[in-house]
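For reference, upload39.cif (mmCIF, C-alpha atoms, pLDDT in the B column; chains and numbers go by the auth columns):
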data_coords
loop_
_atom_site.group_PDB
_atom_site.id
_atom_site.type_symbol
_atom_site.label_atom_id
_atom_site.label_comp_id
_atom_site.label_asym_id
_atom_site.label_seq_id
_atom_site.Cartn_x
_atom_site.Cartn_y
_atom_site.Cartn_z
_atom_site.B_iso_or_equiv
_atom_site.auth_seq_id
_atom_site.auth_asym_id
ATOM 1 C CA PRO A 1 -17.011 -10.672 -5.168 73.00 10 A
ATOM 2 C CA ALA A 2 -17.227 -13.988 -3.318 82.00 11 A
ATOM 3 C CA LEU A 3 -13.492 -14.699 -3.638 87.00 12 A
ATOM 4 C CA THR A 4 -12.661 -11.235 -2.339 84.00 13 A
ATOM 5 C CA GLU A 5 -14.817 -11.904 0.709 85.00 14 A
ATOM 6 C CA PHE A 6 -13.196 -15.316 1.196 86.00 15 A
ATOM 7 C CA LYS A 7 -9.718 -13.747 0.963 81.00 16 A
ATOM 8 C CA PHE A 8 -10.638 -11.363 3.786 79.00 17 A
ATOM 9 C CA LEU A 9 -12.172 -14.097 5.945 80.00 18 A
ATOM 10 C CA ALA A 10 -9.213 -16.471 5.470 83.00 19 A
ATOM 11 C CA ALA A 11 -6.569 -13.857 6.322 85.00 20 A
ATOM 12 C CA PRO A 12 -4.305 -14.987 9.193 88.00 21 A
ATOM 13 C CA VAL A 13 -3.964 -11.446 10.590 93.00 22 A
ATOM 14 C CA ARG A 14 -6.315 -8.625 11.574 92.00 23 A
ATOM 15 C CA VAL A 15 -4.952 -5.100 12.043 93.00 24 A
ATOM 16 C CA SER A 16 -6.741 -2.219 13.731 94.00 25 A
ATOM 17 C CA LEU A 17 -5.631 1.337 14.443 93.00 26 A
ATOM 18 C CA ASP A 18 -5.856 2.203 18.121 95.00 27 A
ATOM 19 C CA ARG A 19 -4.659 5.818 17.926 91.00 28 A
ATOM 20 C CA ILE A 20 -2.219 8.243 16.370 88.00 29 A
ATOM 21 C CA ARG A 21 -0.452 10.652 18.691 89.00 30 A
ATOM 22 C CA GLY A 22 2.648 12.730 18.027 88.00 31 A
ATOM 23 C CA GLY A 23 3.250 11.080 14.657 89.00 32 A
ATOM 24 C CA ILE A 24 3.211 7.576 16.168 94.00 33 A
ATOM 25 C CA ALA A 25 0.456 5.139 15.176 93.00 34 A
ATOM 26 C CA GLU A 26 -0.438 2.349 17.600 96.00 35 A
ATOM 27 C CA LEU A 27 -1.751 -0.761 15.859 96.00 36 A
ATOM 28 C CA THR A 28 -3.293 -3.883 17.350 97.00 37 A
ATOM 29 C CA ILE A 29 -2.277 -7.062 15.533 96.00 38 A
ATOM 30 C CA LYS A 30 -4.547 -10.085 16.034 96.00 39 A
ATOM 31 C CA ASN A 31 -3.257 -13.531 15.098 95.00 40 A
ATOM 32 C CA GLU A 32 -6.157 -15.607 13.739 93.00 41 A
ATOM 33 C CA ARG A 33 -4.017 -18.748 13.435 92.00 42 A
ATOM 34 C CA ALA A 34 -4.746 -21.563 15.879 93.00 43 A
ATOM 35 C CA PHE A 35 -1.323 -23.168 16.106 94.00 44 A
ATOM 36 C CA THR A 36 1.514 -20.875 14.975 95.00 45 A
ATOM 37 C CA ASN A 37 2.807 -17.376 15.632 95.00 46 A
ATOM 38 C CA LEU A 38 3.207 -14.731 12.928 94.00 47 A
ATOM 39 C CA GLY A 39 7.007 -14.940 12.714 93.00 48 A
ATOM 40 C CA ASP A 40 6.936 -16.244 9.130 93.00 49 A
ATOM 41 C CA LEU A 41 5.072 -13.182 7.796 91.00 50 A
ATOM 42 C CA ALA A 42 6.504 -9.853 6.672 92.00 51 A
ATOM 43 C CA GLY A 43 4.419 -6.685 6.716 92.00 52 A
ATOM 44 C CA THR A 44 4.686 -3.202 5.256 95.00 53 A
ATOM 45 C CA TRP A 45 2.849 0.070 5.758 96.00 54 A
ATOM 46 C CA GLU A 46 2.231 3.222 3.707 95.00 55 A
ATOM 47 C CA LEU A 47 0.955 6.643 4.727 93.00 56 A
ATOM 48 C CA LEU A 48 -1.177 8.252 2.024 93.00 57 A
ATOM 49 C CA VAL A 49 -1.987 11.957 2.163 92.00 58 A
ATOM 50 C CA ASP A 50 -4.564 13.062 -0.415 93.00 59 A
ATOM 51 C CA GLY A 51 -3.904 9.881 -2.392 93.00 60 A
ATOM 52 C CA SER A 52 -0.111 10.192 -2.577 94.00 61 A
ATOM 53 C CA VAL A 53 2.317 8.006 -0.652 95.00 62 A
ATOM 54 C CA THR A 54 4.291 10.267 1.692 92.00 63 A
ATOM 55 C CA LYS A 55 5.975 7.648 3.843 93.00 64 A
ATOM 56 C CA ARG A 56 6.406 3.872 3.895 95.00 65 A
ATOM 57 C CA GLY A 57 8.187 1.246 5.897 95.00 66 A
ATOM 58 C CA LYS A 58 8.383 -2.324 7.116 96.00 67 A
ATOM 59 C CA LEU A 59 6.603 -3.664 10.176 94.00 68 A
ATOM 60 C CA PRO A 60 8.726 -5.275 12.882 93.00 69 A
ATOM 61 C CA VAL A 61 8.906 -9.067 12.990 92.00 70 A
ATOM 62 C CA LEU A 62 5.647 -10.231 14.536 91.00 71 A
ATOM 63 C CA LYS A 63 5.886 -12.910 17.232 92.00 72 A
ATOM 64 C CA THR A 64 2.215 -12.725 18.211 95.00 73 A
ATOM 65 C CA PRO A 65 1.192 -16.104 19.697 96.00 74 A
ATOM 66 C CA PRO A 66 -1.708 -18.121 18.223 95.00 75 A
ATOM 67 C CA LEU A 67 -5.141 -16.549 18.749 95.00 76 A
ATOM 68 C CA ALA A 68 -3.618 -13.599 20.627 97.00 77 A
ATOM 69 C CA CYS A 69 -3.129 -9.863 20.101 97.00 78 A
ATOM 70 C CA SER A 70 -0.098 -7.608 20.287 96.00 79 A
ATOM 71 C CA THR A 71 0.459 -3.879 19.905 96.00 80 A
ATOM 72 C CA ILE A 72 3.084 -2.291 17.669 96.00 81 A
ATOM 73 C CA ARG A 73 4.037 1.323 17.004 96.00 82 A
ATOM 74 C CA VAL A 74 4.705 2.820 13.594 94.00 83 A
ATOM 75 C CA ALA A 75 6.452 6.191 13.232 94.00 84 A
ATOM 76 C CA CYS A 76 4.333 7.676 10.481 89.00 85 A
ATOM 77 C CA GLY A 77 5.277 11.299 11.141 87.00 86 A
ATOM 78 C CA ALA A 78 3.216 14.472 11.001 84.00 87 A
ATOM 79 C CA TYR A 79 0.502 15.076 8.434 82.00 88 A
ATOM 80 C CA PRO A 80 -1.877 17.943 7.614 80.00 89 A
ATOM 81 C CA LYS A 81 -5.052 17.779 9.710 81.00 90 A
ATOM 82 C CA THR A 82 -7.204 19.038 6.816 86.00 91 A
ATOM 83 C CA SER A 83 -6.134 16.338 4.341 89.00 92 A
ATOM 84 C CA ASP A 84 -7.456 12.887 3.551 92.00 93 A
ATOM 85 C CA VAL A 85 -4.982 10.675 5.444 89.00 94 A
ATOM 86 C CA ARG A 86 -4.877 6.877 5.247 91.00 95 A
ATOM 87 C CA LEU A 87 -2.533 4.370 6.838 91.00 96 A
ATOM 88 C CA LEU A 88 -2.367 1.187 4.761 92.00 97 A
ATOM 89 C CA VAL A 89 -0.972 -1.953 6.408 92.00 98 A
#

Please express the file's structure as structure tokens.
Amino acid sequence: PALTEFKFLAAPVRVSLDRIRGGIAELTIKNERAFTNLGDLAGTWELLVDGSVTKRGKLPVLKTPPLACSTIRVACGAYPKTSDVRLLV
């Protein structure tokens, strides 16, 4: 358990979901690095509906400056409102 917590705390990036509207998810990316941007990292996303992957893709190249935030949009498409929906980044 302690190494899992350390892995989370040492992560160079924090991602939060701002909103989903019209099948577009807006995500805030926070760069936790003190000296470099996020250009060397590659990210992916998956949309799970009731536990099954329905869509996936790659995040754009992130040029977020050190200790700053940026917003990106992901076209995740429509999903049933009555289902368990999760966006994994």

What would the selection look like, as an mmCIF file with C-alpha atoms, keeping the file's coordinate frame, if the PyMOL selection byres ((chain A and resi 72-88) around 7) were run on the coordinates I just shared?
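Result went into part34.cif, see below:
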data_model
loop_
_atom_site.group_PDB
_atom_site.id
_atom_site.type_symbol
_atom_site.label_atom_id
_atom_site.label_comp_id
_atom_site.auth_asym_id
_atom_site.auth_seq_id
_atom_site.Cartn_x
_atom_site.Cartn_y
_atom_site.Cartn_z
ATOM 1 C CA GLY A 32 3.250 11.080 14.657
ATOM 2 C CA ILE A 33 3.211 7.576 16.168
ATOM 3 C CA ALA A 34 0.456 5.139 15.176
ATOM 4 C CA GLU A 35 -0.438 2.349 17.600
ATOM 5 C CA LEU A 36 -1.751 -0.761 15.859
ATOM 6 C CA THR A 37 -3.293 -3.883 17.350
ATOM 7 C CA ILE A 38 -2.277 -7.062 15.533
ATOM 8 C CA LYS A 39 -4.547 -10.085 16.034
ATOM 9 C CA ASN A 40 -3.257 -13.531 15.098
ATOM 10 C CA GLU A 41 -6.157 -15.607 13.739
ATOM 11 C CA ARG A 42 -4.017 -18.748 13.435
ATOM 12 C CA ALA A 43 -4.746 -21.563 15.879
ATOM 13 C CA PHE A 44 -1.323 -23.168 16.106
ATOM 14 C CA THR A 45 1.514 -20.875 14.975
ATOM 15 C CA ASN A 46 2.807 -17.376 15.632
ATOM 16 C CA LEU A 47 3.207 -14.731 12.928
ATOM 17 C CA GLY A 48 7.007 -14.940 12.714
ATOM 18 C CA LEU A 56 0.955 6.643 4.727
ATOM 19 C CA LYS A 64 5.975 7.648 3.843
ATOM 20 C CA VAL A 70 8.906 -9.067 12.990
ATOM 21 C CA LEU A 71 5.647 -10.231 14.536
ATOM 22 C CA PRO A 89 -1.877 17.943 7.614
ATOM 23 C CA LYS A 90 -5.052 17.779 9.710
#

Determine the nearest neighbour of Ser92 in chain A from the options A:Ala11, A:Val58, A:Leu68, A:Leu18, counting only C-alpha atoms.
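Smallest separation from Ser92 in chain A among the options: A:Val58.
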
Shell around Pro69 in chain A at 9 Å using all atoms listed in the file, local window under 3 positions removed, as a list in words:
Ala51, Gly52, Thr53 and Ile81 of chain A

Kindly indicate which residue among A:Arg65, A:Asp93, A:Leu50, A:Val98 lies nearest to Pro21 in chain A, using all atoms listed in the file for the distances.
A:Leu50

Where does the PyMOL selection byres ((chain A and resi 96) around 6) land in this file, that is, which residues does it pick, as a VMD selection string?
chain A and resid 55 to 56 95 97

Just to be explicit: take each residue in the selection above, keep C-alpha atoms, and write the result as a compact mmCIF listing (two decimals), keeping the file's coordinate frame.
# COMPACT_ATOMS: atom_id res chain seq x y z
CA GLU A 55 2.23 3.22 3.71
CA LEU A 56 0.96 6.64 4.73
CA ARG A 95 -4.88 6.88 5.25
CA LEU A 97 -2.37 1.19 4.76

How many Å lie between CA of Arg28 in chain A and CA of Asp59 in chain A, rounded to one decimal?
19.7 Å

Axis-aligned box for all listed atoms of range 81-90 of chain A, 8 Å per side, centre and edges in Å to one decimal, as JSON:
{"center_x": 0.7, "center_y": 7.8, "center_z": 12.6, "size_x": 27.5, "size_y": 36.2, "size_z": 26.1}

Computed gap from CA of Thr63 in chain A to CA of Val94 in chain A is 10.0 Å

Would you compute the distance between CA of Gly31 in chain A and CA of Ser61 in chain A? Give it in Å to one decimal.
20.9 Å
